[in-house]
Amino acid sequence: MAPAEGGYRLMPRDGHEVHIPAAELARAVADREGPGIRWVWADARRTYTAFLAAGIRVGRAHDLRLAHTILRGARACAASELATAPANTWDTSLQAEVGEPTLLDELASVDEPDLAELLAELDRQDAAVGSAPQPGRLRLLVTAESVGSLVATEIRHVGLPWDVAEHDRQLTALLGPRPLPGGRPAVLVDLVGQLQTLLRAPGLNPDSQPALLTALHSAGIEVKSTRQWELEEVDHPAIAVLLQYKKLARLLSANGWSWLDTWVTDGRLHPDYVPGGVVTGRWATQGSGALQLPKQIRSAVVADPGWRLVVADAAQLEPRVLAAMSGDQAMAAASRAGDMYDALVAQGVVDTRPHAKIAMLAAMYGATTGEAATLLPRLVQAYPHAMGCVARAAAEGERGGQVTTWLGRTSPVPGEWWRRTQDAAAAPDATEADTRNARRRTRDWGRFTRNFVVQGTAAEWALCWLAAIRRDLAALPQEHGRADLVYFLHDEVIVHAPEQVAEQAAAIVRNGAAEAGRLLFGDFPVVFPVDLAVVRSYAETG
DNA sequence: ATCCATAGCGCC
DNA sequence: AGGGCGCTATGGAT
C-alpha cells in the first residue's frame, strides 16, 4: 500500500496489484471496505496520514512495523523465522518528520517496502503468531496495537480543540503580557528582582542551576539541590519567591506562548503520538508534550460551539488489571466495590484510603522502604495471588530474565552492564562497592520487570478500550458532525462530540471499558469503572 | 554551530 | 517511597 507516482499501489485479495490514482482512492477504499477487510501497510504513520489528508478513513488495518517489533521480541514466538532472522529493514523505526531532517535522519530513513516484501513480512508474522502456544493472545495484541496506530494517526489529524485566546488569558494573568521573543514576562522579571535582593545576589539568573545553588549557599541556605521538595523544607524568605518563580518559569518554557505558536494551529493541538513508543507498550509523543499537559492549562481545551467533550478516565486501572491477570478473587471482589482504595479499607486490609493507595502503588512499583514497607505485608496476606504475580515478575527480573504481559509483550533483556556488574561482584577481587552496585542493579531491574507486567497489561487494556470506542463512534449518526477521539493519555480519553450525540458517546466510552475487560479477561469478575464527565472545558473535570 | 548529559518538573 | 516517560534550559565538550 505504498504511495506511488500520482497514486497508490494496492493489492486486493485476488493477489493482483492495481494502481489507483490518488483522486480515485477514496472511492476505491470505500468499495473495498467491509466486514473482514483489513488494510495491510508498513506504517500507519506514513500511509494512513496521507489517506486522512485525502479525506479517507479505513475500518481495520494491520501495521506491519509495529507488529514486527512486538513479535520479534515476544518469547512466545522466539523460535519463529521472524524472531530468529538477522535484523532487517523492518527493525528500523521510522524517524518522525519533525523540523529539518538531519544527516542522521537521512541515513536512518527507510524506503517503503514493495508489495512482495509486504506480503512476505505478513506471512512471516502470521507464522510467528501461529507458532505461539496461545496464538490468540498475540493476535489480539497485534490487532489492538494496529488499531492504536489508526487512532493515533486520526487524533493527530483531527486535533484536540484548543482555545488559544483562553490559553493566552491564562498566561497573561499569571505571567503578565507576552514579552518580546527571548524576554522575561513582567511577573518573572519582578520575581527575579526580589530574589536578587533577598539572596543578596545581584545579576543572579535563577534559570542557571549552578548559579542558583551558589547563591543559595552564599545566603546560608545549605541545600544539595534546587529541587522543589528540598527547597520546601527550608525556612527563608527567598524560598517562597523562588518556588513561585520556578513554577511560573516552568509554565512559560513548557507551555507558554512559543509552545502555543509551535503546536497549536487553527484552534487544534495536533499531538504526535508514537504508539508502542515505550518499552511497556505505552504510547509516547514526539514534540508537543501532549502526554504532559499540565492541569494548569487544561482550561484551554474547550469544545467547539454546539459540541461537548466527553472526558473519561479508567479509575484505578492498574490495580484492577493486576487483579484480573493474577486471577486474584479477593482483589477482584474489591474491584467490584466501586472505589478500589475504599474497598481495601472496607475489607479491613488497611486502615485508611491514603494507606491503601500507598500500599497498592508500592506493590506495583516495588517500593521497599518507609510507610509502604509496613503496609505491604497486609496486602500480601489479603491478595496472595496478585502479590505473588508481581513478586514473581520481580524475581525473574532480578535473575536477569524476561517477563511478559497478559497478551505476550515481552520485556527486554538487561543490557551489557548487567553481566558486567554481576561478574564484577562475583570476581575474587570484588570490592564492597562492586557488590553494592550489583545488588542495586539487581533490585532496579526487578522493579522494572515488576512494573512492566502491570503497566504493559494496562496499556493492552487501554488499546482494547480505544478500539471499542473508535468502532462505536464511527457508527453514530453523523448529521451534526462526527464524534471523534481527540486525546489519549494512558488511562484517559477525550471524545469531541456534537452535543446531540454526546450522551451516546459517553455510553460508548463506558461500555468500551467493560468490553475491553471481557476481551482480555473473559468472565473473570473484575470491573473497570470509568470516571466520566460531559463538559465544555477539560478544566471542568477533576 | 552542534551534540550530549544533567537537573528539574510535568504527566500517568 | 517507587515504575514508565517527554521536554526545556543549561553548560561543557566537540
# chains A, B, ... in the order shown; residues from 1 in each chain; ligands from 1

call {"tool": "closest_atom_pairs", "arguments": {"of": "stretch 424-512 of chain A", "to": "chain B", "cutoff": "9 Å", "atoms": "only C-alpha atoms (C1' of nucleotides)", "output": "tab-separated table"}}
result
residue	atom	partner	partner_atom	distance
A:Leu489	CA	B:DC12	C1'	7.2
A:His490	CA	B:DC12	C1'	6.2
A:Asp491	CA	B:DC12	C1'	7.5

call {"tool": "interface_residues", "arguments": {"of": "chain A", "to": "chain C", "cutoff": "7 Å", "atoms": "only C-alpha atoms (C1' of nucleotides)", "output": "list in words"}}
result
Ser208, Ser253, Ala254, Gly289, Ala362, Tyr365, Gly366, Ala367, Thr369, Gly370, Ala372, Arg447, Phe448 and Asn451 of chain A

call {"tool": "write_last_selection", "arguments": {"atoms": "C-alpha atoms", "output": "short mmCIF file (atom, residue, chain, number, x, y, z; two decimals), in the first residue's frame"}}
result
data_model
loop_
_atom_site.label_atom_id
_atom_site.label_comp_id
_atom_site.auth_asym_id
_atom_site.auth_seq_id
_atom_site.Cartn_x
_atom_site.Cartn_y
_atom_site.Cartn_z
CA SER A 208 21.05 28.55 35.90
CA SER A 253 9.05 27.42 28.92
CA ALA A 254 6.97 24.26 28.63
CA GLY A 289 4.33 17.34 25.15
CA ALA A 362 4.24 0.16 46.43
CA TYR A 365 6.28 -0.21 41.69
CA GLY A 366 8.38 -2.19 44.13
CA ALA A 367 8.81 0.28 46.97
CA THR A 369 11.09 1.46 52.46
CA GLY A 370 9.14 3.84 54.63
CA ALA A 372 5.00 1.28 52.21
CA ARG A 447 11.40 -3.19 39.99
CA PHE A 448 11.34 -2.62 36.27
CA ASN A 451 6.08 -2.84 36.93
#

call {"tool": "closest_residue", "arguments": {"among": "A:Trp445, A:Trp229, A:Tyr341, A:Trp257", "to": "chain B", "atoms": "only C-alpha atoms (C1' of nucleotides)"}}
result
A:Trp229

call {"tool": "residues_around", "arguments": {"residues": "A:Phe452", "least_positions_apart": "6", "cutoff": "8 Å", "atoms": "only C-alpha atoms (C1' of nucleotides)", "output": "list in words"}}
result
Thr280, Val403, Thr404, Thr405 and Ser411 of chain A; DG3 of chain C

call {"tool": "write_last_selection", "arguments": {"atoms": "N, CA and C atoms (P, O5', C5', C4', C3', O3' and C1' of nucleotides)", "output": "PDB file, in the first residue's frame"}}
result
ATOM      1  N   THR A 280       7.077  -0.649  27.651  1.00  0.00           N
ATOM      2  CA  THR A 280       5.949  -1.381  28.219  1.00  0.00           C
ATOM      3  C   THR A 280       4.756  -1.437  27.281  1.00  0.00           C
ATOM      4  N   VAL A 403      10.064 -11.044  31.343  1.00  0.00           N
ATOM      5  CA  VAL A 403       8.681 -11.273  31.746  1.00  0.00           C
ATOM      6  C   VAL A 403       7.761 -10.843  30.605  1.00  0.00           C
ATOM      7  N   THR A 404       6.522 -11.291  30.644  1.00  0.00           N
ATOM      8  CA  THR A 404       5.593 -10.921  29.576  1.00  0.00           C
ATOM      9  C   THR A 404       4.292 -10.374  30.159  1.00  0.00           C
ATOM     10  N   THR A 405       3.658  -9.536  29.355  1.00  0.00           N
ATOM     11  CA  THR A 405       2.341  -9.029  29.714  1.00  0.00           C
ATOM     12  C   THR A 405       1.298 -10.106  29.451  1.00  0.00           C
ATOM     13  N   SER A 411       9.397  -8.270  27.977  1.00  0.00           N
ATOM     14  CA  SER A 411      10.335  -7.236  28.431  1.00  0.00           C
ATOM     15  C   SER A 411      11.690  -7.459  27.783  1.00  0.00           C
TER      16      SER A 411
ATOM     17  P    DG C   3      12.220   2.898  40.692  1.00  0.00           P
ATOM     18  O5'  DG C   3      11.217   2.480  39.518  1.00  0.00           O
ATOM     19  C5'  DG C   3      10.955   1.096  39.311  1.00  0.00           C
ATOM     20  C4'  DG C   3       9.865   0.972  38.279  1.00  0.00           C
ATOM     21  C3'  DG C   3      10.077   1.820  37.032  1.00  0.00           C
ATOM     22  O3'  DG C   3      10.930   1.159  36.117  1.00  0.00           O
ATOM     23  C1'  DG C   3       7.870   2.091  37.801  1.00  0.00           C
TER      24       DG C   3
END

call {"tool": "select_by_dssp", "arguments": {"residues": "stretch 33-244 of chain A", "states": "strand (DSSP E or B)", "output": "list in words"}}
result
Trp39, Val40, Trp41, Ala61, His62, Asp63, Leu160, Pro161 and Trp162 of chain A

call {"tool": "write_last_selection", "arguments": {"atoms": "N, CA and C atoms", "output": "compact mmCIF listing (two decimals), in the first residue's frame"}}
result
# COMPACT_ATOMS: atom_id res chain seq x y z
N TRP A 39 -6.75 -3.58 5.92
CA TRP A 39 -5.68 -3.00 5.12
C TRP A 39 -4.33 -3.31 5.74
N VAL A 40 -3.40 -3.69 4.91
CA VAL A 40 -2.08 -4.03 5.40
C VAL A 40 -1.09 -3.01 4.87
N TRP A 41 -0.36 -2.41 5.79
CA TRP A 41 0.65 -1.45 5.36
C TRP A 41 1.85 -1.48 6.29
N ALA A 61 -6.94 -2.28 10.01
CA ALA A 61 -5.63 -2.29 9.37
C ALA A 61 -4.68 -3.17 10.16
N HIS A 62 -3.59 -3.52 9.50
CA HIS A 62 -2.52 -4.27 10.16
C HIS A 62 -1.24 -3.50 9.93
N ASP A 63 -0.63 -3.05 11.01
CA ASP A 63 0.57 -2.22 10.92
C ASP A 63 1.79 -3.13 11.04
N LEU A 160 -6.83 18.16 19.04
CA LEU A 160 -7.55 18.45 20.27
C LEU A 160 -7.98 19.91 20.24
N PRO A 161 -9.30 20.17 20.40
CA PRO A 161 -9.77 21.56 20.33
C PRO A 161 -9.06 22.44 21.36
N TRP A 162 -8.48 23.50 20.91
CA TRP A 162 -7.66 24.34 21.79
C TRP A 162 -8.06 25.80 21.65

call {"tool": "atom_distance", "arguments": {"atom1": "atom CA of A:Trp418", "atom2": "atom CA of A:Ala438"}}
result
8.0 Å

call {"tool": "residues_around", "arguments": {"residues": "A:Leu122", "least_positions_apart": "5", "cutoff": "12 Å", "atoms": "only C-alpha atoms (C1' of nucleotides)", "output": "PyMOL selection string"}}
result
chain A and resi 39-42+62-68+71+82+90+113+115-117+127-129+142

call {"tool": "residues_around", "arguments": {"residues": "stretch 171-174 of chain A", "least_positions_apart": "5", "cutoff": "9 Å", "atoms": "only C-alpha atoms (C1' of nucleotides)", "output": "ChimeraX atom specification"}}
result
/A:166,185,187,248,251-252,256-257,297

call {"tool": "closest_atom_pairs", "arguments": {"of": "chain A", "to": "chain B", "cutoff": "8 Å", "atoms": "only C-alpha atoms (C1' of nucleotides)", "output": "JSON lines"}}
result
{"residue": "A:Gln209", "atom": "CA", "partner": "B:DA7", "partner_atom": "C1'", "distance": 7.4}
{"residue": "A:Arg227", "atom": "CA", "partner": "B:DG8", "partner_atom": "C1'", "distance": 6.6}
{"residue": "A:Arg250", "atom": "CA", "partner": "B:DC9", "partner_atom": "C1'", "distance": 7.7}
{"residue": "A:Leu291", "atom": "CA", "partner": "B:DC11", "partner_atom": "C1'", "distance": 5.8}
{"residue": "A:Gln292", "atom": "CA", "partner": "B:DC11", "partner_atom": "C1'", "distance": 4.0}
{"residue": "A:Leu293", "atom": "CA", "partner": "B:DC11", "partner_atom": "C1'", "distance": 6.7}
{"residue": "A:Pro294", "atom": "CA", "partner": "B:DG10", "partner_atom": "C1'", "distance": 6.1}
{"residue": "A:Leu489", "atom": "CA", "partner": "B:DC12", "partner_atom": "C1'", "distance": 7.2}
{"residue": "A:His490", "atom": "CA", "partner": "B:DC12", "partner_atom": "C1'", "distance": 6.2}
{"residue": "A:Asp491", "atom": "CA", "partner": "B:DC12", "partner_atom": "C1'", "distance": 7.5}

call {"tool": "write_last_selection", "arguments": {"atoms": "C-alpha atoms", "output": "mmCIF file, in the first residue's frame"}}
result
data_model
loop_
_atom_site.group_PDB
_atom_site.id
_atom_site.type_symbol
_atom_site.label_atom_id
_atom_site.label_comp_id
_atom_site.auth_asym_id
_atom_site.auth_seq_id
_atom_site.Cartn_x
_atom_site.Cartn_y
_atom_site.Cartn_z
ATOM 1 C CA GLN A 209 21.023 25.756 38.406
ATOM 2 C CA ARG A 227 14.615 20.651 43.686
ATOM 3 C CA ARG A 250 8.248 26.156 34.005
ATOM 4 C CA LEU A 291 1.229 13.461 27.395
ATOM 5 C CA GLN A 292 2.256 16.094 29.934
ATOM 6 C CA LEU A 293 -0.398 18.772 29.562
ATOM 7 C CA PRO A 294 -0.232 20.427 32.983
ATOM 8 C CA LEU A 489 -3.342 9.644 27.998
ATOM 9 C CA HIS A 490 -2.560 6.086 29.163
ATOM 10 C CA ASP A 491 -5.858 5.559 31.002
#
